Structures are given as C-alpha cells and as structure tokens.
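Note: the block below is target-v6.cif and it holds mmCIF, C-alpha atoms and all ligand atoms.
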data_start
#
loop_
_atom_site.label_atom_id
_atom_site.label_comp_id
_atom_site.auth_asym_id
_atom_site.auth_seq_id
_atom_site.Cartn_x
_atom_site.Cartn_y
_atom_site.Cartn_z
CA MET S 1 0.00 0.00 0.00
CA GLU S 2 1.17 3.50 -0.88
CA PRO S 3 1.99 5.63 2.17
CA LEU S 4 -0.62 8.26 3.09
CA LYS S 5 -0.28 11.74 1.69
CA LYS S 6 0.33 14.31 4.41
CA ARG S 7 -2.34 17.01 4.48
CA PRO S 8 -1.09 20.21 2.84
CA LEU S 9 -1.14 23.40 4.95
CA PHE S 10 -1.86 26.22 2.49
CA ASN S 11 -3.57 24.68 -0.49
CA PRO S 12 -5.56 27.17 -2.61
CA ASP S 13 -6.21 24.49 -5.26
CA GLY S 14 -7.82 22.14 -2.75
CA GLU S 15 -11.15 20.50 -3.51
CA ILE S 16 -14.26 22.45 -2.43
CA ASP S 17 -16.92 19.97 -3.56
CA VAL S 18 -17.94 18.01 -0.43
CA ARG S 19 -18.63 14.91 -2.54
CA GLU S 20 -14.90 14.74 -3.25
CA ARG S 21 -13.93 15.07 0.41
CA ARG S 22 -12.11 12.10 1.90
CA MET S 23 -11.01 11.10 5.39
CA ILE S 24 -7.50 10.22 4.09
CA ASN S 25 -5.64 10.91 0.83
CA GLY S 26 -8.03 13.73 -0.11
CA ASN S 27 -7.22 17.23 -1.35
CA THR S 28 -8.24 19.59 1.45
CA THR S 29 -8.25 23.42 1.43
CA ASN S 30 -8.11 23.44 5.27
CA LEU S 31 -10.82 26.13 5.27
CA ASN S 32 -13.09 25.85 8.32
CA ASP S 33 -16.38 25.81 6.41
CA PHE S 34 -19.18 25.06 8.89
CA ASN S 35 -21.85 25.25 6.17
CA ASN S 36 -20.57 22.50 3.93
CA MET S 37 -19.77 19.31 5.74
CA LYS S 38 -19.60 15.89 4.19
CA TYR S 39 -20.14 14.07 7.47
CA LYS S 40 -23.52 15.21 8.80
CA TRP S 41 -22.92 13.99 12.38
CA VAL S 42 -20.05 16.49 12.81
CA SER S 43 -22.38 19.44 13.58
CA ASP S 44 -24.02 17.51 16.43
CA TRP S 45 -20.63 16.37 17.67
CA TYR S 46 -19.25 19.93 17.58
CA ARG S 47 -22.26 21.32 19.49
CA GLN S 48 -22.02 18.60 22.12
CA ALA S 49 -18.26 19.03 22.57
CA MET S 50 -18.67 22.82 22.95
CA ASN S 51 -21.51 22.42 25.48
CA ASN S 52 -19.31 20.06 27.48
CA PHE S 53 -16.83 22.84 28.26
CA TRP S 54 -15.82 22.76 31.93
CA ILE S 55 -13.08 24.06 34.23
CA PRO S 56 -11.45 21.63 36.72
CA GLU S 57 -11.12 24.24 39.49
CA GLU S 58 -14.89 24.83 39.54
CA ILE S 59 -15.19 21.55 41.44
CA ASN S 60 -14.55 21.86 45.15
CA LEU S 61 -12.05 19.28 46.43
CA SER S 62 -11.78 20.43 50.05
CA ARG S 63 -13.57 17.30 51.31
CA ASP S 64 -11.22 15.11 49.27
CA ARG S 65 -8.25 16.71 51.02
CA LYS S 66 -9.70 15.44 54.32
CA ASP S 67 -10.76 12.07 52.88
CA TYR S 68 -7.46 11.14 51.20
CA PRO S 69 -5.43 10.44 54.38
CA LEU S 70 -8.40 8.47 55.75
CA LEU S 71 -8.59 6.06 52.80
CA SER S 72 -7.49 2.49 53.54
CA ALA S 73 -4.01 1.57 52.29
CA SER S 74 -5.55 -0.47 49.43
CA GLU S 75 -7.85 2.37 48.41
CA ARG S 76 -5.02 4.91 48.43
CA ARG S 77 -2.72 2.55 46.51
CA ALA S 78 -5.41 2.07 43.86
CA TYR S 79 -6.19 5.81 43.77
CA ASP S 80 -2.53 6.66 43.13
CA LYS S 81 -1.92 3.94 40.53
CA ILE S 82 -5.08 4.66 38.58
CA LEU S 83 -4.51 8.40 38.61
CA SER S 84 -0.95 7.83 37.40
CA PHE S 85 -2.20 5.73 34.48
CA LEU S 86 -4.90 8.27 33.59
CA VAL S 87 -2.36 11.11 33.55
CA PHE S 88 -0.30 9.10 31.10
CA LEU S 89 -3.28 8.32 28.85
CA ASP S 90 -4.46 11.91 28.63
CA SER S 91 -0.91 13.17 28.11
CA ILE S 92 -0.20 10.81 25.23
CA GLN S 93 -3.59 11.63 23.70
CA THR S 94 -2.77 15.34 23.82
CA ALA S 95 0.54 14.64 22.05
CA ASN S 96 -0.67 12.06 19.53
CA LEU S 97 -3.93 13.52 18.19
CA PRO S 98 -2.19 16.26 16.17
CA ALA S 99 0.03 13.50 14.66
CA ILE S 100 -3.12 11.70 13.47
CA GLY S 101 -4.63 14.96 12.22
CA GLU S 102 -1.63 15.55 9.93
CA TYR S 103 -2.96 12.74 7.74
CA VAL S 104 -6.68 13.49 7.95
CA THR S 105 -7.85 15.35 4.85
CA ALA S 106 -11.44 16.11 5.90
CA ASN S 107 -11.34 19.53 7.50
CA GLU S 108 -14.42 19.03 9.68
CA ILE S 109 -12.71 16.01 11.26
CA ASN S 110 -9.58 18.05 11.91
CA LEU S 111 -11.78 20.58 13.74
CA CYS S 112 -13.08 17.80 15.99
CA LEU S 113 -9.56 16.48 16.63
CA SER S 114 -8.43 19.99 17.65
CA ILE S 115 -11.25 20.25 20.20
CA GLN S 116 -10.47 16.76 21.48
CA THR S 117 -6.78 17.67 21.86
CA PHE S 118 -7.76 20.70 23.95
CA GLN S 119 -10.00 18.55 26.14
CA GLU S 120 -7.24 15.96 26.71
CA ALA S 121 -4.99 18.80 27.90
CA VAL S 122 -7.72 19.92 30.33
CA HIS S 123 -8.02 16.35 31.61
CA SER S 124 -4.28 16.14 32.30
CA GLN S 125 -4.52 19.45 34.14
CA SER S 126 -7.48 18.27 36.20
CA TYR S 127 -5.37 15.39 37.55
CA SER S 128 -2.67 17.87 38.58
CA TYR S 129 -5.34 19.96 40.30
CA MET S 130 -6.59 16.87 42.16
CA LEU S 131 -3.09 15.87 43.26
CA ASP S 132 -2.06 19.42 44.20
CA THR S 133 -5.16 19.68 46.39
CA ILE S 134 -5.03 16.36 48.19
CA CYS S 135 -1.33 15.72 48.76
CA GLU S 136 2.12 17.25 49.23
CA PRO S 137 4.39 18.00 46.23
CA GLN S 138 6.62 14.98 46.98
CA THR S 139 3.67 12.54 46.89
CA ARG S 140 2.28 14.29 43.81
CA ASN S 141 5.50 13.69 41.89
CA GLU S 142 5.64 10.06 43.02
CA VAL S 143 2.13 9.54 41.67
CA LEU S 144 2.78 11.36 38.39
CA TYR S 145 5.91 9.35 37.63
CA GLN S 146 4.92 6.04 39.19
CA TRP S 147 5.80 4.16 35.97
CA LYS S 148 9.44 4.74 36.86
CA ASN S 149 9.06 2.28 39.76
CA ASP S 150 6.04 0.17 38.88
CA SER S 151 6.98 -2.30 36.14
CA LYS S 152 3.33 -3.24 35.50
CA LEU S 153 2.41 0.38 34.88
CA LEU S 154 5.48 0.86 32.68
CA ALA S 155 4.48 -2.22 30.65
CA ARG S 156 0.99 -0.83 30.06
CA ASN S 157 2.31 2.57 29.03
CA THR S 158 4.85 0.88 26.74
CA PHE S 159 2.15 -1.18 25.01
CA ILE S 160 0.12 1.94 24.21
CA GLY S 161 3.20 3.99 23.36
CA ASN S 162 4.31 1.31 20.90
CA LEU S 163 0.90 1.20 19.22
CA TYR S 164 1.09 4.93 18.62
CA ASN S 165 4.78 4.84 17.69
CA GLU S 166 4.00 2.35 14.93
CA PHE S 167 2.20 5.05 12.95
CA GLN S 168 5.15 7.39 13.54
CA LYS S 169 7.28 4.99 11.48
CA ASP S 170 4.78 3.42 9.09
CA LYS S 171 2.48 5.85 7.27
CA SER S 172 0.44 3.22 5.44
CA PRO S 173 -3.38 3.48 5.52
CA PHE S 174 -3.43 0.18 7.46
CA ALA S 175 -1.15 1.58 10.18
CA PHE S 176 -3.39 4.68 10.26
CA MET S 177 -6.46 2.49 10.74
CA LYS S 178 -4.74 0.59 13.56
CA THR S 179 -4.02 3.91 15.29
CA VAL S 180 -7.71 4.79 14.96
CA VAL S 181 -8.66 1.42 16.53
CA ALA S 182 -6.09 2.07 19.30
CA ASN S 183 -7.96 5.32 19.98
CA VAL S 184 -11.26 3.44 20.25
CA ILE S 185 -9.62 1.08 22.77
CA LEU S 186 -8.16 3.96 24.73
CA GLU S 187 -11.34 6.03 24.82
CA GLY S 188 -13.74 3.11 25.13
CA VAL S 189 -11.97 0.53 27.32
CA TYR S 190 -8.79 1.78 28.99
CA PHE S 191 -10.31 4.61 30.96
CA TYR S 192 -13.07 2.50 32.40
CA SER S 193 -11.66 0.43 35.24
CA GLY S 194 -10.16 3.73 36.40
CA PHE S 195 -13.45 5.60 36.11
CA MET S 196 -15.41 2.92 37.90
CA PHE S 197 -12.89 2.89 40.75
CA PHE S 198 -13.54 6.61 41.37
CA TYR S 199 -17.32 6.17 41.03
CA ASN S 200 -17.17 3.33 43.54
CA LEU S 201 -15.42 5.61 46.04
CA GLY S 202 -18.06 8.25 45.28
CA ARG S 203 -20.97 5.92 45.93
CA ASN S 204 -19.32 5.09 49.27
CA HIS S 205 -19.19 8.85 50.03
CA LYS S 206 -15.40 9.03 49.71
CA MET S 207 -13.42 11.43 47.49
CA THR S 208 -16.67 12.78 46.02
CA GLY S 209 -14.91 15.75 44.41
CA SER S 210 -12.55 13.40 42.58
CA SER S 211 -15.42 11.32 41.26
CA GLN S 212 -17.10 14.53 40.12
CA GLU S 213 -13.95 15.54 38.18
CA ILE S 214 -13.96 12.09 36.62
CA ARG S 215 -17.59 12.46 35.57
CA TYR S 216 -16.73 15.56 33.56
CA ILE S 217 -13.76 13.78 32.02
CA ASN S 218 -15.89 10.72 31.27
CA ARG S 219 -18.47 12.90 29.52
CA ASP S 220 -15.74 14.23 27.22
CA GLU S 221 -14.34 10.74 26.63
CA ASN S 222 -17.80 9.61 25.51
CA THR S 223 -17.72 12.19 22.73
CA HIS S 224 -14.17 11.13 21.80
CA LEU S 225 -15.36 7.56 21.48
CA TRP S 226 -18.27 8.76 19.35
CA LEU S 227 -15.80 10.62 17.11
CA PHE S 228 -13.44 7.69 16.59
CA CYS S 229 -16.21 5.14 16.05
CA ASN S 230 -17.62 7.43 13.36
CA ILE S 231 -14.18 7.82 11.76
CA VAL S 232 -14.04 4.00 11.52
CA ARG S 233 -17.51 3.85 9.92
CA GLU S 234 -16.67 6.55 7.36
CA LEU S 235 -13.36 4.85 6.53
CA GLU S 236 -15.27 1.63 5.95
CA LYS S 237 -17.31 3.38 3.23
CA GLU S 238 -14.37 5.20 1.68
CA GLU S 239 -11.56 2.64 2.04
CA PRO S 240 -13.16 -0.83 1.89
CA GLU S 241 -9.76 -2.51 1.39
CA LEU S 242 -8.97 -1.64 5.03
CA PHE S 243 -11.93 -3.80 6.08
CA THR S 244 -11.20 -7.23 4.63
CA ALA S 245 -12.18 -10.12 6.92
CA GLU S 246 -8.52 -10.68 7.73
CA ARG S 247 -7.95 -7.06 8.74
CA VAL S 248 -11.11 -6.79 10.82
CA GLU S 249 -9.85 -9.87 12.65
CA ILE S 250 -6.64 -7.96 13.47
CA TYR S 251 -8.66 -5.00 14.80
CA ARG S 252 -10.82 -7.32 16.91
CA SER S 253 -7.75 -9.01 18.34
CA MET S 254 -6.37 -5.57 19.22
CA ILE S 255 -9.56 -4.84 21.15
CA LYS S 256 -9.30 -8.20 22.88
CA GLU S 257 -5.67 -7.58 23.85
CA GLY S 258 -6.71 -4.14 25.14
CA CYS S 259 -9.45 -5.72 27.28
CA GLU S 260 -7.08 -8.39 28.63
CA GLN S 261 -4.59 -5.69 29.64
CA GLU S 262 -7.30 -3.58 31.24
CA ILE S 263 -8.61 -6.58 33.20
CA ALA S 264 -5.12 -7.53 34.41
CA TRP S 265 -4.43 -3.92 35.35
CA GLY S 266 -7.77 -3.48 37.15
CA CYS S 267 -7.21 -6.69 39.13
CA TYR S 268 -3.68 -5.58 40.03
CA ALA S 269 -4.48 -1.96 40.92
CA ILE S 270 -7.86 -2.54 42.62
CA GLY S 271 -7.94 -6.26 43.44
CA ASP S 272 -10.39 -7.58 46.03
CA GLU S 273 -9.39 -5.23 48.86
CA VAL S 274 -11.48 -2.18 47.93
CA PRO S 275 -14.99 -2.26 49.45
CA GLY S 276 -17.64 -2.37 46.72
CA LEU S 277 -15.48 -3.87 43.93
CA THR S 278 -14.12 -7.32 43.19
CA LYS S 279 -11.84 -8.75 40.51
CA GLU S 280 -14.83 -10.60 39.13
CA MET S 281 -16.87 -7.39 38.80
CA ILE S 282 -13.95 -5.68 37.05
CA THR S 283 -13.43 -8.62 34.68
CA ASP S 284 -17.11 -8.95 33.73
CA TYR S 285 -17.49 -5.23 33.18
CA ILE S 286 -14.45 -4.93 30.91
CA LYS S 287 -15.53 -7.96 28.86
CA TYR S 288 -18.94 -6.34 28.44
CA LEU S 289 -17.28 -3.09 27.31
CA GLY S 290 -15.11 -4.97 24.78
CA ASN S 291 -18.22 -6.54 23.25
CA LEU S 292 -20.06 -3.22 23.27
CA ARG S 293 -17.23 -1.48 21.38
CA CYS S 294 -17.09 -4.29 18.80
CA ALA S 295 -20.88 -4.11 18.35
CA SER S 296 -20.81 -0.36 17.76
CA LEU S 297 -18.27 -0.91 14.96
CA GLY S 298 -20.39 -3.67 13.44
CA TRP S 299 -17.97 -6.42 14.49
CA GLU S 300 -18.62 -9.74 16.20
CA SER S 301 -18.38 -9.98 20.01
CA ILE S 302 -15.08 -11.11 21.51
CA TYR S 303 -16.39 -12.59 24.77
CA GLU S 304 -19.24 -15.07 24.70
CA GLY S 305 -21.96 -14.46 27.25
CA HIS S 306 -20.92 -10.88 28.05
CA ASP S 307 -23.27 -8.91 25.82
CA ARG S 308 -25.29 -7.37 28.63
CA GLU S 309 -24.17 -4.95 31.31
CA PRO S 310 -23.54 -6.94 34.51
CA GLU S 311 -26.38 -6.22 36.93
CA ASN S 312 -24.02 -5.52 39.82
CA MET S 313 -22.39 -2.73 37.74
CA ALA S 314 -25.58 -0.81 36.90
CA TRP S 315 -24.51 2.00 39.26
CA VAL S 316 -21.62 2.96 36.91
CA GLY S 317 -24.14 4.35 34.39
CA GLN S 318 -25.58 6.74 36.99
CA TYR S 319 -22.20 8.43 37.06
CA SER S 320 -20.96 8.00 33.50
CA ASN S 321 -24.02 9.01 31.47
CA ALA S 322 -23.73 12.67 32.40
CA ASN S 323 -25.77 13.96 29.48
CA MET S 324 -28.63 11.56 30.12
CA ILE S 325 -29.52 13.14 33.43
CA LYS S 326 -30.71 16.71 33.85
CA THR S 327 -28.95 17.68 37.03
CA ASP S 328 -25.56 17.11 38.45
CA PHE S 329 -25.34 14.23 40.90
CA PHE S 330 -23.68 16.24 43.64
CA GLU S 331 -24.29 19.87 42.87
CA ALA S 332 -27.87 19.82 41.55
CA ARG S 333 -27.13 21.98 38.55
CA SER S 334 -27.03 21.24 34.87
CA THR S 335 -23.81 19.53 33.84
CA ALA S 336 -23.87 21.08 30.38
CA TYR S 337 -22.05 24.39 30.09
CA ALA S 338 -24.90 26.42 28.54
CA LYS S 339 -23.65 29.91 29.39
CA SER S 340 -25.64 31.99 26.87
CA SER S 341 -28.29 33.01 29.43
CA ALA S 342 -25.59 33.98 31.94
CA LEU S 343 -24.10 36.35 29.36
CA ILE S 344 -27.44 38.08 28.80
CA ASP S 345 -27.88 38.49 32.59
CA ASP S 346 -24.50 40.23 32.81
CA LEU S 347 -25.45 43.01 30.38
FE FE C 1 -9.13 12.51 28.18
FE FE C 2 -10.25 11.27 25.18
#
Could you render the structure from this file as structure tokens?
Ligand SMILES: [Fe+2]
Ligand SMILES: [Fe+2]
Amino acid sequence: MEPLKKRPLFNPDGEIDVRERRMINGNTTNLNDFNNMKYKWVSDWYRQAMNNFWIPEEINLSRDRKDYPLLSASERRAYDKILSFLVFLDSIQTANLPAIGEYVTANEINLCLSIQTFQEAVHSQSYSYMLDTICEPQTRNEVLYQWKNDSKLLARNTFIGNLYNEFQKDKSPFAFMKTVVANVILEGVYFYSGFMFFYNLGRNHKMTGSSQEIRYINRDENTHLWLFCNIVRELEKEEPELFTAERVEIYRSMIKEGCEQEIAWGCYAIGDEVPGLTKEMITDYIKYLGNLRCASLGWESIYEGHDREPENMAWVGQYSNANMIKTDFFEARSTAYAKSSALIDDL
C-alpha cells in the first residue's frame, strides 16, 4: 500500500466539492467551512463538545483533602496507581492527536480532533489539580511518575506507546487504521476500570470531588469515542480494502488484547481489597465493554456471554451518562455548560 499523503497546509487548489472530500488521501483546502460538511454527524458532535466545556477548578475538592489520608491503604494505593495511568493516557492523547490529524484530509474532522486535543490537555490538568489539592508535592511527583518504579504500569504505558509509535514509522493506511482502533480502545476501554474505581469511592461517600472531576472527564471521553467510532464507519465506506475479513480480525484481536490488559491492570491496581469492587466485577465489566465497542463498529463480540451490562455494575451508568440526566449528581445543577443566558444576565 502507498503511504498516506500528508495534508497540505496552504492549499488554494484544494477541492471544495464536499462529494470529493475524503477522510484520508483527499485534497483539502483546510478552510473551516461550517456550512458544507460531508459528514452530517459532525455538527451535532461539535455542538455537544462545545456544550461540554468545563473548568477543573470549579469543582470543590476540600472534602477530598480530608478524605485522602483516611482512605485504607488499598484504596489509596489504587487511587494513586489509577490516577498515574490516567495522567499518562491523557498526556499521550494530547501529544498524539495532532500527529493523526496531519494525515486526515477532511477539515471538519480536523476541527473535531483539535477540540479533542484541547480537552485531553484539560483532563491532564485536572489530575494535577486533584493531586495538588489532596497531597504534598513529593507525593504528587511520586504519583505522576509512578511508571518509573512500577513495572506493570510501565508495561501498560509501553504497550500503548508502541501502538502509537508504529504510525510514527509506518504511514500506510493500514497503520493509520490501527491507530484509529487504538484510539477506540483507549477512549472506550482503557479509561473505564479507572473511572469505575472513582465512582465506587463516590458511591461510598469518599473522594466525592474526585469522582465529580472524573464524571466531567468521562463525559468528554464519551464524545471522543463517538468521534473515533464514526471515523471508523466513514473509513469503511471510503476505504473498503482496510476492512477485509482478515484485517477486521486484526482490529478485533487488538480490542481483545486491550481488554485483557485492562482486566489484568484493574485486578492488580484494585484487586479484592477495595470495598464495593471485586476482581470478578472488574473482569465482567471490561468484557462487556469490549463486546459493546465491537458491536458499535459492526464487528462480532469477543467474549461469549458478556453482551449485557452486569447487573451488579448498573450504578456505573448513573455516574458516567452525564448527558442523560438533567442535574448534576452532587451539585444539583445542569452539567452542560450552557452559558448563553448567563451572558445576557450580565449586560
Ligand atoms: Fe481525556
Ligand atoms: Fe479522550
């Protein structure tokens, strides 16, 4: 396969006709034209992503500062490890999304990737805010750089880093597609045993500010997952040779490997010592998520008998489906950042 053509920067002869627009190997003008979009779902995505705007410091963490030293040793160990992994994920997303965008030739998709990049930066900053609030600088640094001492964490970060590095070296459409699938895994599987750990603390009335931060992050990640699943579906229409049975099998096995890693990590970081969660709950939930992600891409399940959300995990949805509920779980205000009325009031 020919390597992908890098998207030109200034390209006055680029194609204006939306019917000619392509996700990869197209001829883009780079003009931000909000009136002519090939992919109709982008306007909804853009509106949702803009409404999701939030500021980490608006969430009060003063109770968490008191709660943190009172957590059990297992809870604190899990809190630190999971936060450390999440910082890594959001940092590498911030750095890698522009690298993907360099080869995307549909301008409306580049717009979405720019917004996502901004949000990943905010997520990284929210973890710093959490750590700065609840612990001393020495502990904060130990948490941030825990992969230097924890070989399991380093192995996870290396696996993801290598997936992304592959596209740095190999610019084939197939390597691009694998990077897109890696994003689906990251946004749709990797964050989740971490998220549910924080929600579990929240439902036990511990570290409620942290779980609130995570809810805002989770709401953004849902839109990121939506974006990357749609990129896959559009690529399937435009580049059918990337979707031969053999290749889809490779993508499915990537998702399975991602799930296996997430299960092993969840069992290691959380284990059976945290009240409210067990290794079995973590395992069942991640298998269910793996199947759900495959289903939304039109692919066969990877785990038999795990197509329904485990009943003992139904509480996760109360926290993670932020846009499904009208008011904020803890603060009783709308979670969407609809500021237009506030602006009128100020005049
Ligand atoms: Fe993120
Ligand atoms: Fe994300």
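Residue nearest S:Thr223, chosen from S:Met177, S:Val184, S:Ile134, S:Leu201 and counting all atoms listed in the file: S:Val184.
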Surroundings of ligand FE 1 (chain C) up to 8 Å, based on all atoms listed in the file, as a list in words: Leu89, Asp90, Gln93, Gln119, Glu120, Ala121, Val122, His123, Ser124, Glu187, Ile217, Asn218, Asp220 and Glu221 of chain S
task: Would you list the contacts of S:Asn157 as number ranges by chain, taking every protein, DNA or RNA residue within 9 Å and counting all atoms listed in the file, but skipping same-chain residues closer than 2 positions in sequence?
output: S: 85, 88-89, 147, 152-155, 159-162
task: Mind giving me the straight-line distance from atom CA of S:Tyr103 to atom CA of S:Asn36 in Å, one decimal?
output: 20.5 Å
- request: Grab the atom CA of S:Phe174 to atom CA of S:Tyr303 distance for me, in Å with one decimal place.
  value: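 Separation of atom CA of S:Phe174 and atom CA of S:Tyr303: 25.1 Å.
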Selected residue of minimal separation from S:Glu166 among S:Ile100, S:Asp80, S:Phe195, S:Glu300, counting all atoms listed in the file: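 Among S:Ile100, S:Asp80, S:Phe195, S:Glu300, it is S:Ile100 that comes nearest to S:Glu166.
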Between atom CA of S:Trp226 and atom CA of S:Ile59 - distance in Å to one decimal: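 These two atoms are separated by 25.7 Å.
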Stretch 127-132 of chain S surroundings by all atoms listed in the file, 12 Å radius, close-in-sequence under 2 positions cut, as number ranges by chain: S: 55-65, 68, 79-80, 82-91, 120-125, 134-144, 207-214, 217
May I have the selected residues written with C-alpha atoms, as an mmCIF file, in the coordinates of the input?
data_model
loop_
_atom_site.group_PDB
_atom_site.id
_atom_site.type_symbol
_atom_site.label_atom_id
_atom_site.label_comp_id
_atom_site.auth_asym_id
_atom_site.auth_seq_id
_atom_site.Cartn_x
_atom_site.Cartn_y
_atom_site.Cartn_z
ATOM 1 C CA ILE S 55 -13.080 24.060 34.230
ATOM 2 C CA PRO S 56 -11.450 21.630 36.720
ATOM 3 C CA GLU S 57 -11.120 24.240 39.490
ATOM 4 C CA GLU S 58 -14.890 24.830 39.540
ATOM 5 C CA ILE S 59 -15.190 21.550 41.440
ATOM 6 C CA ASN S 60 -14.550 21.860 45.150
ATOM 7 C CA LEU S 61 -12.050 19.280 46.430
ATOM 8 C CA SER S 62 -11.780 20.430 50.050
ATOM 9 C CA ARG S 63 -13.570 17.300 51.310
ATOM 10 C CA ASP S 64 -11.220 15.110 49.270
ATOM 11 C CA ARG S 65 -8.250 16.710 51.020
ATOM 12 C CA TYR S 68 -7.460 11.140 51.200
ATOM 13 C CA TYR S 79 -6.190 5.810 43.770
ATOM 14 C CA ASP S 80 -2.530 6.660 43.130
ATOM 15 C CA ILE S 82 -5.080 4.660 38.580
ATOM 16 C CA LEU S 83 -4.510 8.400 38.610
ATOM 17 C CA SER S 84 -0.950 7.830 37.400
ATOM 18 C CA PHE S 85 -2.200 5.730 34.480
ATOM 19 C CA LEU S 86 -4.900 8.270 33.590
ATOM 20 C CA VAL S 87 -2.360 11.110 33.550
ATOM 21 C CA PHE S 88 -0.300 9.100 31.100
ATOM 22 C CA LEU S 89 -3.280 8.320 28.850
ATOM 23 C CA ASP S 90 -4.460 11.910 28.630
ATOM 24 C CA SER S 91 -0.910 13.170 28.110
ATOM 25 C CA GLU S 120 -7.240 15.960 26.710
ATOM 26 C CA ALA S 121 -4.990 18.800 27.900
ATOM 27 C CA VAL S 122 -7.720 19.920 30.330
ATOM 28 C CA HIS S 123 -8.020 16.350 31.610
ATOM 29 C CA SER S 124 -4.280 16.140 32.300
ATOM 30 C CA GLN S 125 -4.520 19.450 34.140
ATOM 31 C CA ILE S 134 -5.030 16.360 48.190
ATOM 32 C CA CYS S 135 -1.330 15.720 48.760
ATOM 33 C CA GLU S 136 2.120 17.250 49.230
ATOM 34 C CA PRO S 137 4.390 18.000 46.230
ATOM 35 C CA GLN S 138 6.620 14.980 46.980
ATOM 36 C CA THR S 139 3.670 12.540 46.890
ATOM 37 C CA ARG S 140 2.280 14.290 43.810
ATOM 38 C CA ASN S 141 5.500 13.690 41.890
ATOM 39 C CA GLU S 142 5.640 10.060 43.020
ATOM 40 C CA VAL S 143 2.130 9.540 41.670
ATOM 41 C CA LEU S 144 2.780 11.360 38.390
ATOM 42 C CA MET S 207 -13.420 11.430 47.490
ATOM 43 C CA THR S 208 -16.670 12.780 46.020
ATOM 44 C CA GLY S 209 -14.910 15.750 44.410
ATOM 45 C CA SER S 210 -12.550 13.400 42.580
ATOM 46 C CA SER S 211 -15.420 11.320 41.260
ATOM 47 C CA GLN S 212 -17.100 14.530 40.120
ATOM 48 C CA GLU S 213 -13.950 15.540 38.180
ATOM 49 C CA ILE S 214 -13.960 12.090 36.620
ATOM 50 C CA ILE S 217 -13.760 13.780 32.020
#
I'd like a table as CSV: residues in stretch 91-186 of chain S with an atom no more than 12 Å from stretch 240-243 of chain S, each row giving the shortest atom pair and its distance in Å to one decimal, all atoms listed in the file counted, sorted by chain and rising residue number.
residue,atom,partner,partner_atom,distance
S:Ser172,CA,S:Leu242,CA,10.6
S:Pro173,CA,S:Leu242,CA,7.6
S:Phe174,CA,S:Leu242,CA,6.3
S:Ala175,CA,S:Leu242,CA,9.9
S:Phe176,CA,S:Leu242,CA,9.9
S:Met177,CA,S:Leu242,CA,7.5
S:Lys178,CA,S:Leu242,CA,9.8
S:Val180,CA,S:Leu242,CA,11.9
S:Val181,CA,S:Leu242,CA,11.9
task: Counting only C-alpha atoms and all ligand atoms, figure out which residue out of S:Pro310, S:Gly202, S:Gly188, S:Gly305 gets nearest to ligand FE 2 (chain C).
output: S:Gly188
- request: Please provide as a ChimeraX atom specification all residues within 10 Å of S:Thr278, with the sequence filter that same-chain residues fewer than 6 positions apart are discarded (counting all atoms listed in the file).
  value: /S:266-267,270-272
task: Counting all atoms listed in the file, figure out which residue out of S:Arg233, S:Arg219, S:Lys279, S:Lys148 gets nearest to ligand FE 2 (chain C).
output: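 Closest to ligand FE 2 (chain C), using all atoms listed in the file: S:Arg219.
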Please report, as AutoDock Vina command-line options, the centre and edge lengths in Å to one decimal of an axis-aligned box covering all listed atoms of stretch 56-66 of chain S with 4 Å per side.
--center_x -11.7 --center_y 20.0 --center_z 45.5 --size_x 14.9 --size_y 17.7 --size_z 25.6
- prompt: Which residue out of S:Leu97, S:Met1, S:Ala106, S:Ala49 has the minimum interatomic distance to S:Asp17 when only C-alpha atoms are used?
  reply: S:Ala106
